file target29.cif (mmCIF, C-alpha atoms)
data_coords
loop_
_atom_site.label_atom_id
_atom_site.label_comp_id
_atom_site.auth_asym_id
_atom_site.auth_seq_id
_atom_site.Cartn_x
_atom_site.Cartn_y
_atom_site.Cartn_z
CA MET A 16 0.00 0.00 0.00
CA ASN A 17 2.55 2.55 1.07
CA THR A 18 5.72 2.51 -1.01
CA ARG A 19 7.55 5.21 0.84
CA GLY A 20 9.49 2.73 2.90
CA LEU A 21 9.23 1.15 6.27
CA GLY A 22 9.82 4.38 8.17
CA SER A 23 6.50 5.83 7.18
CA GLN A 24 4.67 2.77 8.42
CA LEU A 25 5.91 2.80 11.98
CA LYS A 26 3.35 3.25 14.66
CA ASP A 27 4.22 6.55 16.23
CA SER A 28 2.53 6.37 19.58
CA ILE A 29 3.31 3.20 21.47
CA SER A 30 1.87 2.95 24.97
CA VAL A 31 4.53 2.62 27.61
CA SER A 32 3.12 -0.55 29.14
CA GLU A 33 3.59 -2.60 25.99
CA LEU A 34 7.35 -2.32 25.94
CA SER A 35 7.81 -3.89 29.35
CA ALA A 36 9.89 -6.96 30.09
CA SER A 37 8.69 -10.34 28.99
CA SER A 38 10.23 -12.40 31.77
CA PRO A 39 7.96 -14.61 33.88
CA PHE A 40 8.19 -12.05 36.65
CA GLY A 41 7.59 -9.03 34.48
CA ASN A 42 4.12 -7.68 33.83
CA HIS A 43 3.95 -8.79 30.21
CA ASP A 44 0.63 -10.51 29.81
CA ILE A 45 1.04 -13.28 27.24
CA LEU A 46 -2.60 -14.30 27.48
CA ARG A 47 -3.91 -10.86 26.64
CA ARG A 48 -1.27 -9.60 24.29
CA GLY A 49 0.33 -12.65 22.76
CA PHE A 50 4.02 -13.30 22.32
CA SER A 51 6.23 -10.26 22.34
CA CYS A 52 8.25 -9.29 19.33
CA VAL A 53 9.79 -5.91 18.61
CA LYS A 54 8.75 -6.02 14.98
CA ASN A 55 5.12 -6.56 15.94
CA GLU A 56 5.15 -3.57 18.21
CA LEU A 57 6.65 -1.20 15.70
CA LEU A 58 5.01 -2.21 12.43
CA PRO A 59 1.24 -2.23 11.89
CA SER A 60 -0.45 -5.61 12.00
CA HIS A 61 -3.02 -4.77 9.35
CA PRO A 62 -2.70 -2.56 6.25
CA LEU A 63 -5.58 -0.39 7.44
CA GLU A 64 -4.43 0.07 11.02
CA LEU A 65 -2.46 3.28 10.59
CA SER A 66 -4.81 4.88 8.11
CA GLU A 67 -7.77 4.21 10.39
CA LYS A 68 -6.01 5.50 13.48
CA ASN A 69 -5.22 8.80 11.78
CA PHE A 70 -8.36 9.04 9.69
CA GLN A 71 -10.15 11.75 11.67
CA LEU A 72 -6.98 13.78 11.92
CA ASN A 73 -6.32 13.58 8.19
CA GLN A 74 -9.90 14.45 7.34
CA ASP A 75 -9.71 17.52 9.52
CA LYS A 76 -6.41 18.58 7.98
CA MET A 77 -7.78 18.17 4.48
CA ASN A 78 -10.94 20.08 5.26
CA PHE A 79 -9.05 22.93 6.89
CA SER A 80 -6.59 23.26 4.03
CA THR A 81 -9.42 23.30 1.47
CA LEU A 82 -11.21 25.91 3.55
CA ARG A 83 -8.05 27.97 3.71
CA ASN A 84 -7.68 27.87 -0.05
CA ILE A 85 -11.25 28.88 -0.66
CA GLN A 86 -12.01 31.37 2.08
CA GLY A 87 -8.65 32.58 3.34
CA LEU A 88 -6.77 32.05 6.54
CA TYR A 89 -9.30 33.39 9.02
CA ALA A 90 -11.96 30.72 8.41
CA PRO A 91 -9.89 27.68 9.44
CA LEU A 92 -8.27 29.64 12.26
CA LYS A 93 -11.61 30.52 13.80
CA LEU A 94 -12.86 26.97 13.36
CA GLN A 95 -9.78 25.50 14.98
CA MET A 96 -10.24 27.86 17.88
CA GLU A 97 -13.77 26.58 18.29
CA PHE A 98 -12.54 22.99 18.08
CA LYS A 99 -9.97 23.60 20.80
CA ALA A 100 -12.50 25.30 23.02
CA VAL A 101 -14.96 22.47 22.65
CA LYS A 102 -12.37 19.74 23.23
CA GLN A 103 -11.74 21.11 26.69
CA VAL A 104 -15.20 20.17 27.92
CA GLN A 105 -14.54 16.67 29.14
CA ARG A 106 -15.48 14.39 31.99
CA LEU A 107 -13.02 12.90 34.47
CA PRO A 108 -10.14 11.11 32.74
CA PHE A 109 -11.38 7.56 33.26
CA LEU A 110 -14.91 8.26 32.00
CA GLN A 111 -15.99 8.49 28.39
CA SER A 112 -17.15 11.92 27.22
CA SER A 113 -19.81 12.25 24.58
CA ASN A 114 -18.03 15.07 22.70
CA LEU A 115 -21.39 16.30 21.44
CA SER A 116 -20.23 19.80 20.50
CA LEU A 117 -17.21 18.42 18.69
CA ASP A 118 -19.48 16.11 16.68
CA ILE A 119 -21.75 19.01 15.79
CA LEU A 120 -18.84 21.15 14.66
CA ARG A 121 -17.45 18.35 12.54
CA GLY A 122 -20.84 17.47 11.09
CA SER A 123 -20.64 13.88 12.23
CA ASP A 124 -23.78 14.21 14.34
CA GLU A 125 -25.76 13.69 11.14
CA SER A 126 -24.05 10.56 9.90
CA ILE A 127 -23.57 7.03 11.16
CA GLY A 128 -20.27 5.28 10.61
CA PHE A 129 -18.51 2.21 11.92
CA GLU A 130 -17.24 4.16 14.91
CA ASP A 131 -20.83 4.42 16.13
CA ILE A 132 -21.66 0.77 15.65
CA LEU A 133 -18.50 -1.15 16.44
CA ASN A 134 -16.47 -0.83 19.63
CA ASP A 135 -18.50 1.96 21.15
CA PRO A 136 -16.12 3.45 23.75
CA SER A 137 -18.98 4.15 26.15
CA GLN A 138 -19.57 0.41 26.32
CA SER A 139 -15.99 -0.71 26.59
CA GLU A 140 -15.30 -3.50 29.03
CA ILE A 141 -12.08 -2.08 30.44
CA MET A 142 -11.56 1.14 32.30
CA GLY A 143 -8.47 2.84 33.55
CA GLU A 144 -7.77 2.76 37.26
CA PRO A 145 -9.72 5.86 38.47
CA HIS A 146 -7.46 6.95 41.35
CA MET A 147 -4.24 6.58 39.37
CA MET A 148 -5.63 8.49 36.42
CA MET A 149 -6.90 11.35 38.58
CA GLU A 150 -3.56 11.58 40.36
CA TYR A 151 -1.74 11.60 37.04
CA LYS A 152 -4.01 14.31 35.71
CA LEU A 153 -3.57 16.48 38.79
CA GLY A 154 0.19 15.94 38.72
CA LEU A 155 0.34 14.25 42.09
CA LEU A 156 1.80 11.02 40.74
CA MET B 3 -1.28 -0.48 34.19
CA LEU B 4 -1.07 3.18 33.36
CA GLN B 5 -1.29 4.32 29.78
CA ALA B 6 -0.18 7.85 29.13
CA ASP B 7 -2.50 8.84 26.31
CA TRP B 8 -5.49 6.58 26.50
CA ASN B 9 -8.03 7.75 23.97
CA PRO B 10 -10.39 4.95 23.08
CA GLN B 11 -11.86 5.20 19.60
CA GLY B 12 -14.81 3.42 18.17
CA GLY B 13 -14.74 1.59 14.87
CA PHE B 14 -12.62 -1.34 13.80
CA SER B 15 -10.13 -2.76 16.25
CA PHE B 16 -6.98 -4.41 14.93
CA LYS B 17 -5.93 -5.90 18.25
CA ASN B 18 -6.19 -9.50 17.17
CA CYS B 19 -4.56 -9.28 13.74
CA GLN B 20 -1.09 -10.17 14.98
CA ARG B 21 -2.39 -13.04 17.04
CA ASN B 22 -4.35 -14.39 14.07
CA ALA B 23 -1.37 -14.13 11.75
CA PHE B 24 0.78 -15.88 14.33
CA LEU B 25 -1.76 -18.69 14.83
CA GLU B 26 -2.14 -19.19 11.12
CA SER B 27 1.59 -19.41 10.52
CA SER B 28 2.47 -21.60 13.46
CA LEU B 29 -0.38 -24.14 13.50
CA LYS B 30 -0.22 -26.15 10.32
CA GLY B 31 -3.48 -27.49 9.04
CA LEU B 32 -5.54 -24.90 10.86
CA ARG B 33 -8.72 -24.11 8.98
CA VAL B 34 -9.17 -20.39 9.40
CA PRO B 35 -12.87 -19.47 9.63
CA HIS B 36 -13.96 -17.62 6.51
CA ALA B 37 -16.61 -14.99 6.19
CA ARG B 38 -19.73 -16.23 4.50
CA LYS B 39 -19.99 -14.98 0.93
CA THR B 40 -23.23 -14.62 -0.91
CA GLY B 41 -22.06 -16.31 -4.14
CA THR B 42 -24.62 -14.39 -6.07
CA THR B 43 -26.18 -13.35 -9.26
CA ILE B 44 -27.57 -9.84 -9.07
CA ALA B 45 -28.75 -7.85 -12.07
CA GLY B 46 -30.41 -4.55 -12.80
CA LEU B 47 -31.71 -2.65 -15.79
CA VAL B 48 -33.38 0.64 -16.65
CA PHE B 49 -36.70 0.50 -18.52
CA GLN B 50 -38.92 3.28 -19.76
CA ASP B 51 -40.59 4.11 -16.43
CA GLY B 52 -37.87 3.24 -13.96
CA VAL B 53 -35.50 0.57 -12.74
CA ILE B 54 -35.83 -3.19 -12.22
CA LEU B 55 -33.46 -5.05 -9.89
CA GLY B 56 -33.21 -8.83 -9.66
CA ALA B 57 -31.30 -11.24 -7.44
CA ASP B 58 -31.07 -14.92 -6.59
CA THR B 59 -31.50 -16.14 -3.00
CA ARG B 60 -28.66 -18.50 -2.14
CA ALA B 61 -25.92 -17.78 0.42
CA THR B 62 -22.89 -20.07 0.46
CA ASN B 63 -20.21 -20.86 3.00
CA ASP B 64 -17.27 -22.04 0.85
CA SER B 65 -18.98 -24.94 -0.90
CA VAL B 66 -21.96 -25.45 1.39
CA VAL B 67 -25.29 -23.69 0.96
CA ALA B 68 -25.72 -21.68 4.14
CA ASP B 69 -29.08 -20.10 3.41
CA LYS B 70 -31.56 -21.22 0.77
CA ASN B 71 -33.71 -18.14 0.89
CA CYS B 72 -31.84 -15.02 1.86
CA GLU B 73 -32.76 -11.49 0.83
CA LYS B 74 -30.26 -9.72 -1.34
CA ILE B 75 -32.31 -6.69 -2.33
CA HIS B 76 -31.90 -4.19 0.47
CA PHE B 77 -33.91 -1.09 1.25
CA ILE B 78 -32.05 2.21 1.19
CA ALA B 79 -34.85 4.73 0.72
CA PRO B 80 -38.47 4.40 -0.44
CA ASN B 81 -37.34 5.15 -3.96
CA ILE B 82 -33.87 3.56 -3.88
CA TYR B 83 -33.00 -0.11 -3.47
CA CYS B 84 -29.67 -1.88 -3.54
CA CYS B 85 -28.60 -5.45 -4.41
CA GLY B 86 -25.55 -6.73 -2.59
CA ALA B 87 -22.98 -9.36 -3.58
CA GLY B 88 -19.69 -10.41 -2.03
CA VAL B 89 -19.26 -11.02 1.69
CA ALA B 90 -22.79 -11.28 3.11
CA ALA B 91 -22.15 -9.42 6.38
CA ASP B 92 -20.29 -6.60 4.65
CA ALA B 93 -23.06 -6.07 2.11
CA GLU B 94 -25.73 -6.19 4.81
CA MET B 95 -24.04 -3.78 7.24
CA THR B 96 -23.02 -1.41 4.45
CA THR B 97 -26.54 -1.15 3.08
CA GLN B 98 -28.04 -0.71 6.54
CA MET B 99 -25.61 2.09 7.30
CA MET B 100 -26.39 3.70 3.95
CA ALA B 101 -30.11 3.51 4.66
CA SER B 102 -29.62 5.22 8.04
CA ASN B 103 -27.33 7.85 6.60
CA MET B 104 -29.74 8.61 3.76
CA GLU B 105 -32.61 9.07 6.20
CA LEU B 106 -30.53 11.47 8.32
CA HIS B 107 -29.40 13.30 5.21
CA ALA B 108 -32.95 13.64 3.89
CA LEU B 109 -34.13 14.98 7.24
CA SER B 110 -31.25 17.41 7.40
CA THR B 111 -31.54 18.78 3.84
CA GLY B 112 -35.31 18.51 3.63
CA ARG B 113 -35.12 16.90 0.19
CA LYS B 114 -35.92 13.42 -1.08
CA PRO B 115 -32.87 11.16 -1.31
CA ARG B 116 -31.05 10.80 -4.60
CA VAL B 117 -29.27 7.81 -6.09
CA VAL B 118 -26.06 9.76 -6.69
CA THR B 119 -25.86 10.59 -2.99
CA VAL B 120 -26.06 6.93 -2.04
CA THR B 121 -23.46 6.03 -4.65
CA ARG B 122 -21.07 8.72 -3.50
CA MET B 123 -21.38 7.79 0.17
CA LEU B 124 -20.78 4.15 -0.72
CA ARG B 125 -17.76 4.92 -2.86
CA GLN B 126 -16.16 7.07 -0.23
CA MET B 127 -16.65 4.49 2.46
CA LEU B 128 -15.44 1.56 0.37
CA PHE B 129 -12.37 3.46 -0.77
CA ARG B 130 -11.55 4.39 2.80
CA TYR B 131 -11.33 0.68 3.65
CA GLN B 132 -9.33 -0.13 0.50
CA GLY B 133 -11.39 -3.11 -0.59
CA HIS B 134 -11.22 -4.94 2.75
CA ILE B 135 -14.97 -4.52 2.97
CA GLY B 136 -15.94 -7.02 0.28
CA ALA B 137 -19.25 -5.66 -0.90
CA SER B 138 -20.20 -5.31 -4.60
CA LEU B 139 -23.44 -3.43 -4.93
CA ILE B 140 -25.91 -2.48 -7.61
CA VAL B 141 -27.74 0.68 -6.59
CA GLY B 142 -30.90 1.54 -8.47
CA GLY B 143 -33.64 4.07 -7.94
CA VAL B 144 -35.88 6.74 -9.35
CA ASP B 145 -35.42 10.25 -8.02
CA ILE B 146 -36.10 13.79 -9.12
CA THR B 147 -33.58 13.46 -11.98
CA GLY B 148 -35.05 10.24 -13.35
CA PRO B 149 -34.22 6.53 -13.20
CA LEU B 150 -30.58 5.73 -12.40
CA LEU B 151 -28.57 2.53 -12.07
CA TYR B 152 -25.06 2.36 -10.65
CA SER B 153 -22.75 -0.56 -9.96
CA VAL B 154 -20.19 -0.11 -7.17
CA HIS B 155 -17.19 -2.40 -6.66
CA PRO B 156 -15.42 -3.27 -3.37
CA HIS B 157 -12.46 -0.97 -3.93
CA GLY B 158 -14.65 2.04 -4.54
CA SER B 159 -14.97 2.25 -8.32
CA TYR B 160 -18.37 2.74 -9.85
CA SER B 161 -20.10 2.91 -13.25
CA ARG B 162 -23.37 4.37 -14.34
CA LEU B 163 -25.07 1.91 -16.68
CA LEU B 164 -28.32 0.99 -18.35
CA PHE B 165 -27.99 -2.68 -17.42
CA THR B 166 -25.51 -4.53 -15.25
CA ALA B 167 -24.91 -7.76 -13.35
CA LEU B 168 -22.56 -8.56 -10.46
CA GLY B 169 -21.62 -11.55 -8.36
CA SER B 170 -20.22 -14.96 -9.15
CA GLY B 171 -22.93 -15.57 -11.75
CA GLN B 172 -22.40 -12.27 -13.50
CA GLU B 173 -20.99 -13.73 -16.71
CA ALA B 174 -24.10 -15.74 -17.50
CA ALA B 175 -26.41 -12.90 -16.51
CA ILE B 176 -24.47 -10.27 -18.45
CA SER B 177 -24.44 -12.40 -21.58
CA VAL B 178 -28.24 -12.68 -21.50
CA LEU B 179 -28.59 -8.95 -20.84
CA GLU B 180 -26.15 -8.01 -23.60
CA ASP B 181 -28.02 -10.16 -26.06
CA ARG B 182 -31.57 -9.06 -25.39
CA PHE B 183 -31.47 -5.59 -23.85
CA LYS B 184 -33.07 -2.69 -25.72
CA PRO B 185 -33.38 0.85 -24.38
CA ASN B 186 -36.86 1.97 -23.21
CA MET B 187 -38.42 -1.43 -22.77
CA THR B 188 -41.87 -1.88 -21.29
CA LEU B 189 -42.42 -3.23 -17.79
CA GLU B 190 -43.30 -6.75 -18.94
CA GLU B 191 -40.33 -7.02 -21.26
CA GLY B 192 -38.01 -5.72 -18.56
CA GLN B 193 -39.33 -8.13 -15.95
CA GLN B 194 -39.03 -11.03 -18.37
CA LEU B 195 -35.46 -10.12 -19.22
CA ILE B 196 -34.38 -9.76 -15.61
CA VAL B 197 -35.87 -13.13 -14.70
CA GLU B 198 -34.08 -14.71 -17.66
CA ALA B 199 -30.77 -13.09 -16.72
CA VAL B 200 -30.88 -14.17 -13.07
CA THR B 201 -32.09 -17.64 -14.09
CA ALA B 202 -29.09 -17.95 -16.40
CA GLY B 203 -26.87 -17.13 -13.43
CA ILE B 204 -28.66 -19.64 -11.21
CA LEU B 205 -28.39 -22.47 -13.72
CA ASP B 206 -24.82 -21.74 -14.73
CA ASP B 207 -23.13 -20.87 -11.43
CA LEU B 208 -22.88 -23.11 -8.40
CA GLY B 209 -22.88 -20.21 -5.99
CA SER B 210 -26.30 -18.95 -7.08
CA GLY B 211 -29.53 -20.81 -6.70
CA SER B 212 -33.05 -21.11 -5.34
CA ASN B 213 -35.46 -18.40 -6.39
CA VAL B 214 -35.39 -15.11 -8.25
CA ASP B 215 -36.34 -11.99 -6.29
CA MET B 216 -37.31 -8.85 -8.12
CA CYS B 217 -37.81 -5.19 -7.29
CA VAL B 218 -39.52 -2.72 -9.62
CA ILE B 219 -38.96 0.97 -8.85
CA THR B 220 -40.94 3.67 -10.63
CA GLN B 221 -41.83 7.28 -9.95
CA ALA B 222 -44.83 6.03 -8.00
CA GLY B 223 -42.82 3.85 -5.65
CA ALA B 224 -41.10 0.51 -5.26
CA LYS B 225 -42.51 -2.98 -5.23
CA ILE B 226 -40.56 -6.04 -4.13
CA GLN B 227 -41.62 -9.50 -5.21
CA ARG B 228 -39.99 -12.44 -3.49
CA ALA B 229 -39.67 -15.73 -5.36
CA VAL B 230 -40.94 -14.52 -8.71
CA SER B 231 -39.65 -17.69 -10.30
CA THR B 232 -38.05 -20.92 -9.14
CA PRO B 233 -35.94 -22.31 -11.99
CA ALA B 234 -34.32 -25.18 -10.16
CA VAL B 235 -36.89 -27.56 -8.73
CA ILE B 236 -35.67 -30.37 -6.51
CA SER B 237 -36.09 -33.51 -8.58
CA LYS B 238 -38.14 -36.43 -7.32
CA ARG B 239 -36.33 -39.64 -6.47
CA GLN B 240 -36.68 -42.19 -9.23
CA GLY B 241 -37.06 -45.27 -7.09
CA LYS B 242 -37.30 -46.54 -3.54
CA TYR B 243 -34.01 -47.39 -1.91
CA ARG B 244 -35.20 -49.15 1.20
CA TYR B 245 -34.73 -52.91 1.42
CA PRO B 246 -37.79 -54.95 2.37
CA LYS B 247 -37.72 -56.80 5.69
CA GLY B 248 -36.18 -60.22 5.28
CA THR B 249 -33.65 -59.30 2.59
CA THR B 250 -30.82 -60.28 4.91
CA ALA B 251 -31.26 -63.77 6.38
CA VAL B 252 -31.18 -63.94 10.20
CA MET B 253 -28.79 -66.68 11.33
CA LYS B 254 -29.09 -66.58 15.11
CA GLU B 255 -31.08 -64.68 17.72
CA THR B 256 -30.14 -64.31 21.41
CA VAL B 257 -32.16 -62.34 24.01
CA THR B 258 -30.38 -61.07 27.15
CA PRO B 259 -32.70 -59.46 29.72
CA LEU B 260 -31.13 -56.61 31.70
CA ALA B 261 -31.94 -56.63 35.43
CA LEU B 262 -32.92 -53.03 36.16
CA GLU B 263 -34.23 -51.78 39.46
CA MET B 264 -36.36 -48.66 39.78
CA ILE B 265 -34.72 -46.29 42.23
CA GLU B 266 -36.67 -43.05 41.93
CA GLU B 267 -39.77 -41.88 40.18
CA THR B 268 -40.68 -38.20 39.71
CA VAL B 269 -43.78 -36.93 37.99
CA GLN B 270 -43.72 -33.41 36.55
CA THR B 271 -47.10 -32.14 35.45
CA MET B 272 -46.99 -30.23 32.21
CA GLU B 273 -48.99 -27.04 31.91
CA VAL B 274 -51.48 -27.75 29.17
CA GLU B 275 -53.34 -24.64 28.01
#

call {"tool": "encode", "arguments": {"input": "target29.cif", "output": "structure tokens"}}
result
Amino acid sequence: MNTRGLGSQLKDSISVSELSASSPFGNHDILRRGFSCVKNELLPSHPLELSEKNFQLNQDKMNFSTLRNIQGLYAPLKLQMEFKAVKQVQRLPFLQSSNLSLDILRGSDESIGFEDILNDPSQSEIMGEPHMMMEYKLGLL
Amino acid sequence: MLQADWNPQGGFSFKNCQRNAFLESSLKGLRVPHARKTGTTIAGLVFQDGVILGADTRATNDSVVADKNCEKIHFIAPNIYCCGAGVAADAEMTTQMMASNMELHALSTGRKPRVVTVTRMLRQMLFRYQGHIGASLIVGGVDITGPLLYSVHPHGSYSRLLFTALGSGQEAAISVLEDRFKPNMTLEEGQQLIVEAVTAGILDDLGSGSNVDMCVITQAGAKIQRAVSTPAVISKRQGKYRYPKGTTAVMKETVTPLALEMIEETVQTMEVE
């Protein structure tokens, strides 16, 4: 799919916990995450993985650059300001926020995609540890 | 475990792809479960008053018939219907999502849905997933601009046509359509031709079978007819294959009574009425 070389296919944000030791006494969970291999953690496991992870970001970038070309610099600047303002309205870190205003601004409140049907984050079975996440957010950790 | 930037997203999750690839490569002789394909013949044509869509009704799972009477003509809008071929689940979910999106779009714009809108939404979604969603669709409908028929392929390409066929039986169906299609046919001629085209697919291709479903869409509305024709009838058995009693001679007979003792008896009354 991507012929620009292996470098462009690397996953750029790897969670810290996945790179931990794989010894029997380390906290690498073979049952949940399978056998560890550096290649598997750096390269995507499916051709669509990277493009799907960055899809919303790329859509936004494309829309803003088109808007800049048509209407000038002020239009995307104002919109990005509104996006930033609206992204700050969130619940506590371990709870899922609905992001209603962000959806309205993006126009995705009027369409249904796979992100609404599959793997709905509000119904996810795992949750971060509440106390740890609050302490991390408040800088106490 | 603490993850620094934990931002759960909806949509497809690729968590198990590595594990699956590893299992497939390390366990020899593992039969990986495949998605059920429809193994279809779907066809559509434009006649003088609108659009006619036709489809067979067999769903296959590799070489086994999984469903003898499945519906392949899906509703998108009251004036737009869509036939789906390829992976059954992909075609079904895609058309359901399109139907929902078209309803939202119609409510938001205040206008009746158009076929080109459905086609464009489909193309953009299928291209986004680079053909991994294996749905080939024939979209047909009558809107404010007239009757339209589009065929959309899994990678996102599309064509606007007067007649088309897709699926594993498309060669047989297309050959019938190419031979006998004329522009501006009447309703009866169009229906006859669609039934013949789908029947050719059913008789020629192993993945298509059972009945022919048809959907006629005009300016007045859409009408679906299930099982318009059943080309392949199950044949009757020619003879009886059971052996009469006494065919095999009995040489010896021994009776051994089993000594059983009743230990417990429970009576459970059934609620009748």

call {"tool": "interface_residues", "arguments": {"input": "target29.cif", "of": "chain B", "to": "chain A", "cutoff": "10 Å", "atoms": "only C-alpha atoms", "output": "ChimeraX atom specification"}}
result
/B:3-24,95-96,99-107,109-110,127,130-132,134

call {"tool": "residues_around", "arguments": {"input": "target29.cif", "residues": "B:Ser159", "least_positions_apart": "4", "cutoff": "7 Å", "atoms": "all atoms listed in the file", "output": "list in words"}}
result
Arg125, Val154 and His155 of chain B

call {"tool": "resolve_selection", "arguments": {"input": "target29.cif", "expression": "the PyMOL selection byres ((chain B and resi 174) around 9)", "output": "list in words"}}
result
Thr43, Gly171, Gln172, Glu173, Ala175, Ile176, Ser177, Val178, Leu179, Ala199, Val200, Thr201, Ala202, Gly203, Ile204, Leu205, Asp206 and Asp207 of chain B

call {"tool": "resolve_selection", "arguments": {"input": "target29.cif", "expression": "the PyMOL selection byres ((chain B and resi 84) around 6)", "output": "PyMOL selection string"}}
result
chain B and resi 75-76+83+85+140-141

call {"tool": "atom_distance", "arguments": {"input": "target29.cif", "atom1": "atom CA of B:Asn71", "atom2": "atom CA of B:Gln193"}}
result
20.4 Å

call {"tool": "atom_distance", "arguments": {"input": "target29.cif", "atom1": "atom CA of A:Met96", "atom2": "atom CA of A:Leu153"}}
result
24.7 Å

call {"tool": "resolve_selection", "arguments": {"input": "target29.cif", "expression": "the PyMOL selection byres ((chain B and resi 62) around 10)", "output": "VMD selection string"}}
result
chain B and resid 37 to 42 60 to 61 63 to 70 89 to 90 208 to 211

call {"tool": "atom_distance", "arguments": {"input": "target29.cif", "atom1": "atom CA of B:Leu163", "atom2": "atom CA of B:Ala222"}}
result
22.0 Å

call {"tool": "closest_residue", "arguments": {"input": "target29.cif", "among": "B:Pro156, B:Pro185, B:Gly148, B:Gly31", "to": "B:Leu124", "atoms": "all atoms listed in the file"}}
result
B:Pro156

call {"tool": "closest_residue", "arguments": {"input": "target29.cif", "among": "B:Gly46, B:Ile226, B:Ile146, B:Lys238", "to": "B:Glu73", "atoms": "only C-alpha atoms"}}
result
B:Ile226

call {"tool": "axis_aligned_box", "arguments": {"input": "target29.cif", "around": "stretch 41-59 of chain B", "padding_each_side": "6 Å", "output": "JSON"}}
result
{"center_x": -31.3, "center_y": -6.1, "center_z": -11.4, "size_x": 30.5, "size_y": 32.4, "size_z": 28.8}
